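Below: the structure, in structure tokens.
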Amino acid sequence: MTPPDDVERAVEAVLFAAAEPLTIDAIRGHVGDGAIRDALDALAARYAGRGVELVRRGDRWQFQTAGDLAHLLRRDREEARKLSRAGIETLAIIAYHEPVTRAEIEAIRGVQISKGTLDVLMEASWVRPAGRREVPGRPLTYATTPGFLTHFGLASRRDLPGIDDLRAAGLLDPVDMAMEDELNAAGDDEGDNDAPALVVETDDEHA
């Protein structure tokens, strides 16, 4: 069904002016009731292949520069964010098994993690507290954020690459391979392929 032009234009205006990705409910709060989903689909089709595209990240929508043109907007001087191997492994485990407690992360990694590792991931807006597990002690759980999906160009967690994809790309080193069995075992219930899914600059620090 084609949405009325005024609904489509209103949705386009709201998303264009938004400082962050918006859910359908948030868009509805600005434009009122209407065929918002149809308007989003129509806008996504209209902007496909253009310099600016409408994309979905989880349950949120936003306009962004087309991926093949992003290099045109980068500043000459970029600040590199260096993430330790502990940070990469922790973020990968959270992404594939969320919501997950600190103890569960440590069980999969086989080593304790420092509080600073989680702090770095939360400061980057990639990880958030996700409530408490209803077990003795009620430990805090962690999950990824819409910012994580946006940063890594994912529509949802189902777009995370699997073990075979990472191995074929040469992105698993011996340490990653040693984690593979633990990751697969922990993720069987969700049906996801499990592996560190991040290509970022790292150092050899384990925390």
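The way I read the labels, and the way they are meant: chains A, B, ... in the order of the structure tokens, residue 1 as the first residue of every chain, and ligand 1 as the first ligand shown, with later ones counted on from there.
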- Item | Selection: 10 Å around Gln64 in chain A, only C-alpha atoms, excl. self and same-chain fewer than 5 positions, as a PyMOL selection string | chain A and resi 16+21+51-55+70+150
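By only C-alpha atoms, and with residues fewer than 5 positions from Gln112 in chain A along its chain excluded, the set lying at most 9 Å from it is Arg102, Ala103, Ile105, Glu106, Ala107 and Ala207 of chain A.
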Go ahead and write the selection's residues with N, CA and C atoms as a PDB file, in the first residue's frame.
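Written file, part.pdb:
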ATOM      1  N   ARG A 102      28.384 -10.780  33.857  1.00  0.00           N
ATOM      2  CA  ARG A 102      29.850 -10.741  33.895  1.00  0.00           C
ATOM      3  C   ARG A 102      30.422 -12.138  34.145  1.00  0.00           C
ATOM      4  N   ALA A 103      29.803 -12.879  35.063  1.00  0.00           N
ATOM      5  CA  ALA A 103      30.287 -14.230  35.358  1.00  0.00           C
ATOM      6  C   ALA A 103      30.193 -15.130  34.128  1.00  0.00           C
ATOM      7  N   ILE A 105      30.328 -14.100  30.995  1.00  0.00           N
ATOM      8  CA  ILE A 105      31.381 -13.667  30.078  1.00  0.00           C
ATOM      9  C   ILE A 105      32.710 -14.300  30.480  1.00  0.00           C
ATOM     10  N   GLU A 106      32.991 -14.266  31.781  1.00  0.00           N
ATOM     11  CA  GLU A 106      34.252 -14.832  32.263  1.00  0.00           C
ATOM     12  C   GLU A 106      34.309 -16.335  32.061  1.00  0.00           C
ATOM     13  N   ALA A 107      33.168 -17.020  32.186  1.00  0.00           N
ATOM     14  CA  ALA A 107      33.137 -18.462  31.974  1.00  0.00           C
ATOM     15  C   ALA A 107      33.467 -18.800  30.531  1.00  0.00           C
ATOM     16  N   ALA A 207      42.795  -8.494  30.030  1.00  0.00           N
ATOM     17  CA  ALA A 207      42.416  -7.960  31.349  1.00  0.00           C
ATOM     18  C   ALA A 207      41.410  -8.876  31.974  1.00  0.00           C
TER      19      ALA A 207
END
- Message: Need to verify the contact set: His151 in chain A, 12 Å, only C-alpha atoms, exclusion of same-chain residues closer than 3 positions in sequence. Can you return it as a ChimeraX atom specification?
- Response: /A:57,64,67,124-127,144-148,154-156,198-200
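CA of Thr23 in chain A to CA of Asp119 in chain A spans 26.5 Å [interatomic distance, one decimal].
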- Quick one: everything within 9 Å of range 128-138 of chain A, counting only C-alpha atoms, minus sequence neighbours fewer than 4 positions away in the same chain. Send it as an MDAnalysis selection string. chainID A and resid 98:101 121:122 142:145
Any chance you can output those residues with N, CA and C atoms as a short mmCIF file (atom, residue, chain, number, x, y, z; two decimals), in the first residue's frame?
data_model
loop_
_atom_site.label_atom_id
_atom_site.label_comp_id
_atom_site.auth_asym_id
_atom_site.auth_seq_id
_atom_site.Cartn_x
_atom_site.Cartn_y
_atom_site.Cartn_z
N GLU A 98 23.75 -12.02 24.35
CA GLU A 98 23.02 -11.12 25.23
C GLU A 98 21.60 -11.60 25.52
N PRO A 99 21.06 -11.25 26.71
CA PRO A 99 21.76 -10.58 27.82
C PRO A 99 22.64 -11.57 28.57
N VAL A 100 23.81 -11.12 29.00
CA VAL A 100 24.79 -12.01 29.60
C VAL A 100 25.40 -11.31 30.82
N THR A 101 25.67 -12.09 31.86
CA THR A 101 26.26 -11.52 33.08
C THR A 101 27.77 -11.52 32.96
N LEU A 121 33.54 -0.24 26.95
CA LEU A 121 32.50 -0.59 25.99
C LEU A 121 31.24 0.24 26.20
N MET A 122 30.93 0.55 27.47
CA MET A 122 29.75 1.38 27.74
C MET A 122 30.02 2.84 27.37
N TYR A 142 24.31 -7.64 30.62
CA TYR A 142 24.73 -6.65 29.63
C TYR A 142 24.23 -7.04 28.25
N ALA A 143 23.96 -6.03 27.43
CA ALA A 143 23.51 -6.24 26.06
C ALA A 143 24.08 -5.14 25.19
N THR A 144 24.01 -5.33 23.87
CA THR A 144 24.48 -4.31 22.95
C THR A 144 23.42 -3.22 22.79
N THR A 145 23.80 -2.13 22.17
CA THR A 145 22.94 -0.96 21.99
C THR A 145 22.65 -0.73 20.51
#
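Of the listed residues A:Arg158, A:Arg9, A:Arg109, A:His71, the one whose atoms come nearest to Glu89 in chain A is A:Arg109, with distances taken using only C-alpha atoms.
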